[in-house]
$ cat structure05.txt   # compact mmCIF, C-alpha atoms and all ligand atoms
# COMPACT_ATOMS: atom_id res chain seq x y z
CA MET A 9 -7.08 12.56 6.01
CA TYR A 10 -7.22 11.88 2.31
CA GLN A 11 -9.53 13.84 0.04
CA LEU A 12 -9.91 12.85 -3.58
CA ARG A 13 -12.03 15.02 -5.80
CA GLU A 14 -13.09 14.15 -9.33
CA VAL A 15 -9.93 12.17 -9.85
CA THR A 16 -9.33 11.09 -13.42
CA LYS A 17 -6.34 9.21 -14.75
CA GLN A 18 -5.74 8.58 -18.40
CA TYR A 19 -2.89 6.68 -19.97
CA ARG A 20 -1.86 6.91 -23.56
CA ARG A 21 -1.36 3.58 -25.24
CA GLY A 22 -0.17 4.18 -28.78
CA LYS A 23 -2.93 6.17 -30.43
CA ASP A 24 -5.50 5.24 -27.82
CA THR A 25 -6.29 6.80 -24.49
CA VAL A 26 -7.13 4.44 -21.63
CA ARG A 27 -9.21 5.89 -18.83
CA ALA A 28 -8.06 4.08 -15.71
CA LEU A 29 -9.97 6.36 -13.33
CA ALA A 30 -13.02 8.31 -14.40
CA GLY A 31 -14.04 10.72 -11.65
CA VAL A 32 -13.36 9.27 -8.22
CA ASP A 33 -14.42 11.11 -5.06
CA LEU A 34 -13.21 9.67 -1.79
CA ASP A 35 -12.71 10.87 1.78
CA LEU A 36 -10.62 8.72 4.05
CA ASP A 37 -10.15 9.52 7.71
CA ASP A 38 -6.89 9.07 9.55
CA GLY A 39 -6.63 5.52 10.84
CA GLU A 40 -9.36 4.17 8.57
CA ARG A 41 -9.02 0.78 6.91
CA LEU A 42 -10.31 0.59 3.37
CA VAL A 43 -10.35 -2.34 1.01
CA VAL A 44 -10.60 -1.73 -2.73
CA GLN A 45 -11.90 -4.56 -4.88
CA GLY A 46 -13.21 -4.88 -8.40
CA PRO A 47 -12.65 -6.58 -11.73
CA THR A 48 -9.30 -6.59 -13.44
CA GLY A 49 -8.59 -3.29 -15.16
CA GLY A 50 -11.07 -1.46 -12.91
CA GLY A 51 -8.45 1.02 -11.73
CA LYS A 52 -7.48 -0.39 -8.32
CA SER A 53 -3.70 -0.22 -8.73
CA THR A 54 -3.97 3.17 -10.37
CA LEU A 55 -5.89 4.48 -7.37
CA LEU A 56 -3.25 3.11 -5.01
CA GLN A 57 -0.46 4.73 -7.02
CA LEU A 58 -2.18 8.10 -6.84
CA LEU A 59 -2.76 7.74 -3.08
CA GLY A 60 0.94 6.98 -2.73
CA GLY A 61 2.06 9.92 -4.83
CA LEU A 62 3.78 7.50 -7.21
CA ASP A 63 1.81 9.05 -10.03
CA ARG A 64 -0.35 12.12 -10.51
CA PRO A 65 -3.95 12.41 -11.70
CA SER A 66 -4.73 13.70 -15.20
CA ALA A 67 -7.46 15.85 -13.62
CA GLY A 68 -8.95 16.35 -10.19
CA SER A 69 -7.08 16.45 -6.91
CA VAL A 70 -5.54 14.11 -4.36
CA SER A 71 -4.72 15.69 -1.02
CA LEU A 72 -3.40 14.37 2.26
CA ASP A 73 -4.00 16.50 5.36
CA GLY A 74 -4.90 19.45 3.17
CA THR A 75 -1.79 19.23 1.00
CA ASP A 76 -2.73 18.86 -2.64
CA PHE A 77 -0.14 16.57 -4.24
CA ALA A 78 -0.39 18.62 -7.43
CA ARG A 79 1.06 21.62 -5.59
CA LEU A 80 4.13 19.69 -4.49
CA GLY A 81 7.18 19.57 -6.72
CA GLU A 82 8.84 16.22 -7.35
CA ALA A 83 11.31 16.61 -4.46
CA LYS A 84 8.61 17.46 -1.91
CA LEU A 85 6.37 14.65 -3.11
CA THR A 86 9.29 12.21 -2.78
CA ARG A 87 9.88 13.47 0.76
CA LEU A 88 6.22 13.03 1.68
CA ARG A 89 6.30 9.49 0.32
CA ARG A 90 9.51 8.69 2.14
CA ASP A 91 8.28 10.05 5.49
CA SER A 92 4.60 9.19 5.50
CA ILE A 93 3.74 6.32 3.21
CA GLY A 94 4.62 2.64 3.36
CA PHE A 95 4.03 0.26 0.46
CA VAL A 96 3.56 -3.48 0.34
CA PHE A 97 3.27 -5.29 -2.99
CA GLN A 98 2.20 -8.73 -4.13
CA SER A 99 5.74 -9.61 -5.19
CA PHE A 100 7.45 -8.61 -1.88
CA ASN A 101 10.15 -6.61 -3.76
CA LEU A 102 12.93 -7.42 -1.33
CA ILE A 103 16.54 -6.88 -2.34
CA PRO A 104 17.83 -10.45 -2.84
CA THR A 105 21.43 -9.76 -1.82
CA LEU A 106 20.52 -8.14 1.50
CA THR A 107 19.50 -9.93 4.70
CA ALA A 108 16.05 -9.45 6.22
CA GLN A 109 17.50 -6.98 8.73
CA GLU A 110 19.28 -5.01 6.00
CA ASN A 111 16.17 -4.97 3.82
CA VAL A 112 14.20 -3.38 6.65
CA GLU A 113 16.98 -0.91 7.40
CA THR A 114 16.90 0.38 3.81
CA ALA A 115 13.63 2.20 4.61
CA LEU A 116 15.42 4.30 7.25
CA VAL A 117 18.50 5.22 5.22
CA PRO A 118 16.81 8.05 3.27
CA LEU A 119 15.46 9.44 6.55
CA GLY A 120 19.02 9.93 7.80
CA THR A 121 18.52 7.65 10.83
CA LYS A 122 21.85 6.88 12.49
CA THR A 123 23.26 3.37 12.15
CA ALA A 124 22.70 2.22 15.73
CA GLU A 125 19.11 3.46 15.80
CA ARG A 126 18.50 1.95 12.39
CA ARG A 127 19.65 -1.45 13.64
CA GLU A 128 17.51 -1.23 16.72
CA ARG A 129 14.35 -0.10 14.95
CA ALA A 130 14.70 -2.66 12.15
CA ALA A 131 15.19 -5.44 14.70
CA ALA A 132 12.09 -4.28 16.59
CA ALA A 133 10.08 -4.13 13.35
CA LEU A 134 11.16 -7.66 12.45
CA ALA A 135 10.19 -8.83 15.93
CA SER A 136 6.76 -7.18 15.51
CA VAL A 137 6.10 -9.34 12.44
CA GLY A 138 7.28 -12.50 14.22
CA LEU A 139 10.71 -12.69 12.58
CA GLY A 140 12.93 -11.62 15.47
CA GLU A 141 15.15 -14.65 14.90
CA ARG A 142 15.45 -14.34 11.13
CA GLY A 143 17.30 -11.05 10.72
CA LYS A 144 20.39 -12.66 9.21
CA HIS A 145 18.53 -14.66 6.57
CA LEU A 146 18.51 -13.76 2.91
CA PRO A 147 15.11 -13.56 1.18
CA SER A 148 15.92 -16.80 -0.68
CA GLU A 149 16.19 -18.55 2.68
CA LEU A 150 12.70 -17.48 3.72
CA SER A 151 9.24 -18.75 2.75
CA GLY A 152 6.88 -16.52 0.76
CA GLY A 153 4.91 -15.64 3.88
CA GLN A 154 8.13 -14.79 5.74
CA GLN A 155 9.32 -12.63 2.85
CA GLN A 156 6.06 -10.72 2.94
CA ARG A 157 6.52 -10.25 6.69
CA VAL A 158 9.93 -8.69 6.01
CA ALA A 159 8.31 -6.41 3.41
CA ILE A 160 5.67 -5.40 5.97
CA ALA A 161 8.38 -4.66 8.55
CA ARG A 162 10.20 -2.57 5.93
CA ALA A 163 7.02 -0.62 5.15
CA LEU A 164 6.20 0.04 8.81
CA VAL A 165 9.65 0.58 10.37
CA LYS A 166 9.44 4.32 9.73
CA ALA A 167 6.01 4.47 11.47
CA PRO A 168 4.26 5.87 8.42
CA LYS A 169 0.94 7.65 8.53
CA VAL A 170 -0.35 5.51 5.68
CA LEU A 171 0.12 1.90 4.56
CA LEU A 172 -0.81 1.01 0.97
CA ALA A 173 -0.93 -2.65 0.02
CA ASP A 174 -1.52 -3.99 -3.49
CA GLU A 175 -2.67 -7.64 -3.36
CA PRO A 176 -0.32 -8.34 -0.42
CA THR A 177 -1.45 -11.95 -0.19
CA GLY A 178 -1.78 -12.60 -3.91
CA ASN A 179 1.25 -14.92 -4.04
CA LEU A 180 0.46 -16.87 -0.89
CA ASP A 181 -1.53 -20.00 -0.10
CA GLU A 182 -4.75 -19.68 1.91
CA THR A 183 -3.32 -20.45 5.33
CA THR A 184 -0.43 -18.03 4.86
CA ARG A 185 -2.84 -15.46 3.44
CA ASP A 186 -4.91 -15.61 6.62
CA GLU A 187 -1.80 -15.34 8.80
CA ILE A 188 -0.60 -12.28 6.90
CA MET A 189 -4.04 -10.66 7.10
CA ASP A 190 -4.23 -11.33 10.84
CA LEU A 191 -0.81 -9.75 11.17
CA LEU A 192 -1.71 -6.67 9.09
CA GLU A 193 -4.98 -6.18 10.93
CA GLY A 194 -3.23 -6.55 14.28
CA LEU A 195 -0.53 -4.03 13.34
CA TRP A 196 -3.21 -1.64 12.07
CA ALA A 197 -5.19 -1.89 15.32
CA GLU A 198 -2.01 -1.27 17.31
CA GLN A 199 -0.30 1.41 15.25
CA LYS A 200 -3.36 3.21 13.86
CA PHE A 201 -2.01 4.01 10.40
CA THR A 202 -4.44 4.65 7.57
CA PHE A 203 -4.59 1.37 5.67
CA VAL A 204 -5.70 0.93 2.07
CA MET A 205 -5.51 -2.52 0.54
CA VAL A 206 -6.33 -3.69 -2.95
CA THR A 207 -7.51 -7.26 -3.33
CA HIS A 208 -9.27 -9.61 -5.72
CA ASP A 209 -10.00 -11.95 -2.86
CA SER A 210 -13.61 -11.76 -1.69
CA ALA A 211 -12.79 -13.57 1.57
CA LEU A 212 -10.46 -10.70 2.47
CA ALA A 213 -12.89 -8.07 1.21
CA ARG A 214 -15.51 -9.42 3.61
CA ARG A 215 -13.22 -8.67 6.55
CA ALA A 216 -13.00 -4.98 5.69
CA PRO A 217 -14.70 -2.31 7.80
CA ARG A 218 -15.08 -0.26 4.62
CA LEU A 219 -15.11 -1.61 1.10
CA ILE A 220 -15.31 0.07 -2.28
CA THR A 221 -15.70 -1.61 -5.63
CA LEU A 222 -13.99 0.05 -8.57
CA ARG A 223 -15.44 -0.74 -11.94
CA LYS A 224 -14.38 0.98 -15.15
CA GLY A 225 -12.59 3.64 -13.14
CA ARG A 226 -15.55 4.57 -10.97
CA ILE A 227 -16.68 3.68 -7.47
CA ALA A 228 -19.52 1.34 -8.41
CA ASP A 229 -20.35 0.26 -4.88
CA GLU A 230 -19.47 1.13 -1.32
CA LYS A 231 -20.12 -0.78 1.88
CA THR A 232 -19.39 -0.01 5.49
CA ALA A 233 -19.54 -2.81 8.02
CA LYS A 234 -21.96 -2.21 10.85
CA PRO A 235 -20.21 -1.77 14.17
CA VAL A 236 -20.53 -4.92 16.25
N1 LIG B 1 1.12 2.61 -17.19
C1 LIG B 1 0.03 2.34 -17.90
N2 LIG B 1 0.00 2.59 -19.23
C2 LIG B 1 -1.13 2.32 -19.95
N3 LIG B 1 -2.25 1.82 -19.43
C3 LIG B 1 -2.27 1.55 -18.12
C4 LIG B 1 -1.14 1.78 -17.29
N4 LIG B 1 -1.45 1.41 -16.02
C5 LIG B 1 -2.73 0.95 -16.07
N5 LIG B 1 -3.22 1.03 -17.33
C6 LIG B 1 -4.58 0.65 -17.75
O1 LIG B 1 -5.52 1.31 -16.89
C7 LIG B 1 -6.59 0.45 -16.58
C8 LIG B 1 -6.68 0.27 -15.07
O2 LIG B 1 -5.53 -0.46 -14.64
P1 LIG B 1 -5.24 -0.84 -13.12
O3 LIG B 1 -3.95 -1.58 -13.10
O4 LIG B 1 -5.38 0.35 -12.26
O5 LIG B 1 -6.46 -1.84 -12.83
P2 LIG B 1 -6.61 -2.89 -11.65
O6 LIG B 1 -8.03 -2.76 -11.19
O7 LIG B 1 -5.55 -2.71 -10.64
O8 LIG B 1 -6.40 -4.26 -12.43
P3 LIG B 1 -5.75 -5.66 -11.90
O9 LIG B 1 -6.77 -6.20 -10.94
O10 LIG B 1 -5.65 -6.47 -13.14
O11 LIG B 1 -4.44 -5.36 -11.27
C9 LIG B 1 -6.35 -0.84 -17.35
O12 LIG B 1 -7.06 -0.77 -18.55
C10 LIG B 1 -4.87 -0.81 -17.57
O13 LIG B 1 -4.52 -1.55 -18.72
$ encode --input "structure05.txt" --output "structure tokens"
Amino acid sequence: MYQLREVTKQYRRGKDTVRALAGVDLDLDDGERLVVQGPTGGGKSTLLQLLGGLDRPSAGSVSLDGTDFARLGEAKLTRLRRDSIGFVFQSFNLIPTLTAQENVETALVPLGTKTAERRERAAAALASVGLGERGKHLPSELSGGQQQRVAIARALVKAPKVLLADEPTGNLDETTRDEIMDLLEGLWAEQKFTFVMVTHDSALARRAPRLITLRKGRIADEKTAKPV
């Protein structure tokens, strides 16, 4: 589980200091699904970066399963990220010169997975996002929704403990958005990773079992859906 205590993040911008997070406390159980919403500049992406160990807090602590990220050196934090955390971004971030299959395989290269197993697992991951027949296509030959599916397969092929998604449907039309959300929710229900998603979209926020609103770097509101 994640435990965040009094997490503060400040950035220097010229002579000024910007407080992106101003004392965030958050407990997140394994397998939970949390949506983070809030106005622009509220600190959503910063929170996601800290959860992913892409950045460190200025004060306070972020720990995953009792391991405080601050106690890990750069190499250990990189390893934790590589093994346990998958990322999906608004802009897909696929490598344009690699096929869908090769893009997914790139997530397994740093784990030292052998070539044959890499092929097999990447093909299975592509099939799980409905792109079993598209492995040989380049990103430019795929629609936006299909490209995001490849990115989701790449994030999940290593079976991470955590999936972090920053506006994953931000570049997609409404129908494709709903398809991608259905897919993500289905994969979450099946694979039981901890899932944190940032969104501006109130339609998506309404679907969340747990929702926090970040405003001026603080949790301004929190809602948990009642079990049906
Ligand atoms: N690398 C950085 N350097 C300086 N300031 C930063 C940096 N990253 C974020 N900030 C500032 O921190 C604040 C919070 O930014 P953050 O991106 O976390 O907000 P957000 O809620 O994700 O916004 P958006 O919805 O627009 O993506 C903003 O004022 C932003 O300008």
$ closest_atom_pairs --input "structure05.txt" --of "chain A" --to "ligand LIG 1 (chain B)" --cutoff "7 Å" --atoms "all atoms listed in the file" --output "tab-separated table"
residue	atom	partner	partner_atom	distance
A:Tyr19	CA	B:LIG1	C2	4.7
A:Arg20	CA	B:LIG1	C2	5.9
A:Arg21	CA	B:LIG1	C2	5.4
A:Val26	CA	B:LIG1	O1	5.9
A:Arg27	CA	B:LIG1	O1	6.2
A:Ala28	CA	B:LIG1	O1	3.9
A:Gly46	CA	B:LIG1	O6	6.3
A:Pro47	CA	B:LIG1	O9	5.9
A:Thr48	CA	B:LIG1	O9	3.6
A:Gly49	CA	B:LIG1	O5	3.5
A:Gly50	CA	B:LIG1	O6	3.7
A:Gly51	CA	B:LIG1	O4	3.2
A:Lys52	CA	B:LIG1	O6	3.8
A:Ser53	CA	B:LIG1	O7	3.6
A:Thr54	CA	B:LIG1	O4	3.7
A:Leu55	CA	B:LIG1	O4	6.4
A:His208	CA	B:LIG1	O9	6.7
$ residues_around --input "structure05.txt" --residues "stretch 14-17 of chain A" --least-positions-apart "2" --cutoff "8 Å" --atoms "all atoms listed in the file" --output "JSON, numbers by chain"
{"A": [12, 19, 27, 28, 29, 30, 31, 32, 33, 54, 64, 65, 66, 67, 68, 69, 70]}
$ atom_distance --input "structure05.txt" --atom1 "atom CA of A:Arg142" --atom2 "atom CA of A:Ile93"
25.0 Å
$ residues_around --input "structure05.txt" --residues "A:Asp186" --least-positions-apart "4" --cutoff "10 Å" --atoms "only C-alpha atoms" --output "number ranges by chain"
A: 177, 180-182, 190-192, 211-212
$ write_last_selection --input "structure05.txt" --atoms "C-alpha atoms" --output "compact mmCIF listing (two decimals), in the coordinates of the input"
# COMPACT_ATOMS: atom_id res chain seq x y z
CA THR A 177 -1.45 -11.95 -0.19
CA LEU A 180 0.46 -16.87 -0.89
CA ASP A 181 -1.53 -20.00 -0.10
CA GLU A 182 -4.75 -19.68 1.91
CA ASP A 190 -4.23 -11.33 10.84
CA LEU A 191 -0.81 -9.75 11.17
CA LEU A 192 -1.71 -6.67 9.09
CA ALA A 211 -12.79 -13.57 1.57
CA LEU A 212 -10.46 -10.70 2.47
$ closest_residue --input "structure05.txt" --among "A:Arg127, A:Lys169, A:Arg218, A:Lys144" --to "A:Asp35" --atoms "only C-alpha atoms"
A:Arg218
$ residues_around --input "structure05.txt" --residues "A:Leu85" --least-positions-apart "6" --cutoff "9 Å" --atoms "all atoms listed in the file" --output "PyMOL selection string"
chain A and resi 61-62+77-78
$ residues_around --input "structure05.txt" --residues "A:Val117" --least-positions-apart "4" --cutoff "8 Å" --atoms "all atoms listed in the file" --output "list in words"
Glu113, Thr121 and Arg126 of chain A
$ residues_near_point --input "structure05.txt" --point "(14.1, -14.8, 1.4)" --cutoff "10 Å" --atoms "only C-alpha atoms" --output "MDAnalysis selection string"
chainID A and resid 100 102:108 142 145:156 158
$ atom_distance --input "structure05.txt" --atom1 "atom CA of A:Glu141" --atom2 "atom CA of A:Gln109"
10.1 Å
$ decode --input "structure05.txt" --residues "stretch 159-184 of chain A" --atoms "N, CA and C atoms" --output "PDB file, in the first residue's frame"
ATOM      1  N   ALA A 159      -0.007   1.639 -25.631  1.00  0.00           N
ATOM      2  CA  ALA A 159       0.670   2.199 -24.455  1.00  0.00           C
ATOM      3  C   ALA A 159       0.211   1.491 -23.174  1.00  0.00           C
ATOM      4  N   ILE A 160      -1.074   1.126 -23.140  1.00  0.00           N
ATOM      5  CA  ILE A 160      -1.587   0.409 -21.959  1.00  0.00           C
ATOM      6  C   ILE A 160      -0.965  -0.995 -21.891  1.00  0.00           C
ATOM      7  N   ALA A 161      -0.863  -1.649 -23.051  1.00  0.00           N
ATOM      8  CA  ALA A 161      -0.221  -2.972 -23.089  1.00  0.00           C
ATOM      9  C   ALA A 161       1.226  -2.868 -22.633  1.00  0.00           C
ATOM     10  N   ARG A 162       1.910  -1.814 -23.069  1.00  0.00           N
ATOM     11  CA  ARG A 162       3.313  -1.612 -22.669  1.00  0.00           C
ATOM     12  C   ARG A 162       3.418  -1.393 -21.160  1.00  0.00           C
ATOM     13  N   ALA A 163       2.467  -0.652 -20.592  1.00  0.00           N
ATOM     14  CA  ALA A 163       2.513  -0.383 -19.149  1.00  0.00           C
ATOM     15  C   ALA A 163       2.238  -1.650 -18.341  1.00  0.00           C
ATOM     16  N   LEU A 164       1.368  -2.528 -18.878  1.00  0.00           N
ATOM     17  CA  LEU A 164       0.912  -3.670 -18.074  1.00  0.00           C
ATOM     18  C   LEU A 164       1.632  -4.982 -18.375  1.00  0.00           C
ATOM     19  N   VAL A 165       2.454  -5.012 -19.428  1.00  0.00           N
ATOM     20  CA  VAL A 165       3.068  -6.286 -19.832  1.00  0.00           C
ATOM     21  C   VAL A 165       3.967  -6.865 -18.735  1.00  0.00           C
ATOM     22  N   LYS A 166       4.506  -6.012 -17.902  1.00  0.00           N
ATOM     23  CA  LYS A 166       5.380  -6.513 -16.823  1.00  0.00           C
ATOM     24  C   LYS A 166       4.586  -6.880 -15.569  1.00  0.00           C
ATOM     25  N   ALA A 167       3.245  -6.835 -15.647  1.00  0.00           N
ATOM     26  CA  ALA A 167       2.371  -7.114 -14.506  1.00  0.00           C
ATOM     27  C   ALA A 167       2.766  -6.275 -13.302  1.00  0.00           C
ATOM     28  N   PRO A 168       2.692  -4.954 -13.435  1.00  0.00           N
ATOM     29  CA  PRO A 168       3.136  -4.090 -12.347  1.00  0.00           C
ATOM     30  C   PRO A 168       2.150  -4.107 -11.182  1.00  0.00           C
ATOM     31  N   LYS A 169       2.668  -3.720 -10.047  1.00  0.00           N
ATOM     32  CA  LYS A 169       1.801  -3.605  -8.864  1.00  0.00           C
ATOM     33  C   LYS A 169       0.888  -2.373  -8.985  1.00  0.00           C
ATOM     34  N   VAL A 170       1.406  -1.364  -9.679  1.00  0.00           N
ATOM     35  CA  VAL A 170       0.719  -0.072  -9.723  1.00  0.00           C
ATOM     36  C   VAL A 170       0.629   0.425 -11.166  1.00  0.00           C
ATOM     37  N   LEU A 171      -0.520   0.980 -11.530  1.00  0.00           N
ATOM     38  CA  LEU A 171      -0.652   1.670 -12.816  1.00  0.00           C
ATOM     39  C   LEU A 171      -1.008   3.132 -12.544  1.00  0.00           C
ATOM     40  N   LEU A 172      -0.215   4.040 -13.118  1.00  0.00           N
ATOM     41  CA  LEU A 172      -0.447   5.473 -12.952  1.00  0.00           C
ATOM     42  C   LEU A 172      -0.777   6.059 -14.316  1.00  0.00           C
ATOM     43  N   ALA A 173      -1.905   6.741 -14.411  1.00  0.00           N
ATOM     44  CA  ALA A 173      -2.336   7.253 -15.713  1.00  0.00           C
ATOM     45  C   ALA A 173      -2.644   8.747 -15.595  1.00  0.00           C
ATOM     46  N   ASP A 174      -1.992   9.536 -16.436  1.00  0.00           N
ATOM     47  CA  ASP A 174      -2.183  10.986 -16.412  1.00  0.00           C
ATOM     48  C   ASP A 174      -3.021  11.391 -17.631  1.00  0.00           C
ATOM     49  N   GLU A 175      -4.283  11.703 -17.405  1.00  0.00           N
ATOM     50  CA  GLU A 175      -5.214  12.087 -18.490  1.00  0.00           C
ATOM     51  C   GLU A 175      -5.139  11.108 -19.658  1.00  0.00           C
ATOM     52  N   PRO A 176      -5.318   9.804 -19.416  1.00  0.00           N
ATOM     53  CA  PRO A 176      -5.096   8.826 -20.491  1.00  0.00           C
ATOM     54  C   PRO A 176      -6.053   8.973 -21.668  1.00  0.00           C
ATOM     55  N   THR A 177      -7.176   9.658 -21.453  1.00  0.00           N
ATOM     56  CA  THR A 177      -8.125   9.810 -22.552  1.00  0.00           C
ATOM     57  C   THR A 177      -8.208  11.259 -23.033  1.00  0.00           C
ATOM     58  N   GLY A 178      -7.265  12.064 -22.591  1.00  0.00           N
ATOM     59  CA  GLY A 178      -7.304  13.497 -22.883  1.00  0.00           C
ATOM     60  C   GLY A 178      -7.227  13.843 -24.360  1.00  0.00           C
ATOM     61  N   ASN A 179      -6.621  12.963 -25.168  1.00  0.00           N
ATOM     62  CA  ASN A 179      -6.480  13.244 -26.602  1.00  0.00           C
ATOM     63  C   ASN A 179      -7.493  12.492 -27.454  1.00  0.00           C
ATOM     64  N   LEU A 180      -8.512  11.934 -26.826  1.00  0.00           N
ATOM     65  CA  LEU A 180      -9.411  11.044 -27.570  1.00  0.00           C
ATOM     66  C   LEU A 180     -10.832  11.598 -27.606  1.00  0.00           C
ATOM     67  N   ASP A 181     -11.570  11.221 -28.653  1.00  0.00           N
ATOM     68  CA  ASP A 181     -12.972  11.665 -28.699  1.00  0.00           C
ATOM     69  C   ASP A 181     -13.780  10.874 -27.664  1.00  0.00           C
ATOM     70  N   GLU A 182     -15.054  11.276 -27.483  1.00  0.00           N
ATOM     71  CA  GLU A 182     -15.838  10.712 -26.375  1.00  0.00           C
ATOM     72  C   GLU A 182     -16.060   9.210 -26.468  1.00  0.00           C
ATOM     73  N   THR A 183     -16.344   8.743 -27.687  1.00  0.00           N
ATOM     74  CA  THR A 183     -16.600   7.304 -27.839  1.00  0.00           C
ATOM     75  C   THR A 183     -15.337   6.524 -27.514  1.00  0.00           C
ATOM     76  N   THR A 184     -14.208   6.995 -28.064  1.00  0.00           N
ATOM     77  CA  THR A 184     -12.948   6.285 -27.821  1.00  0.00           C
ATOM     78  C   THR A 184     -12.575   6.386 -26.338  1.00  0.00           C
TER      79      THR A 184
END
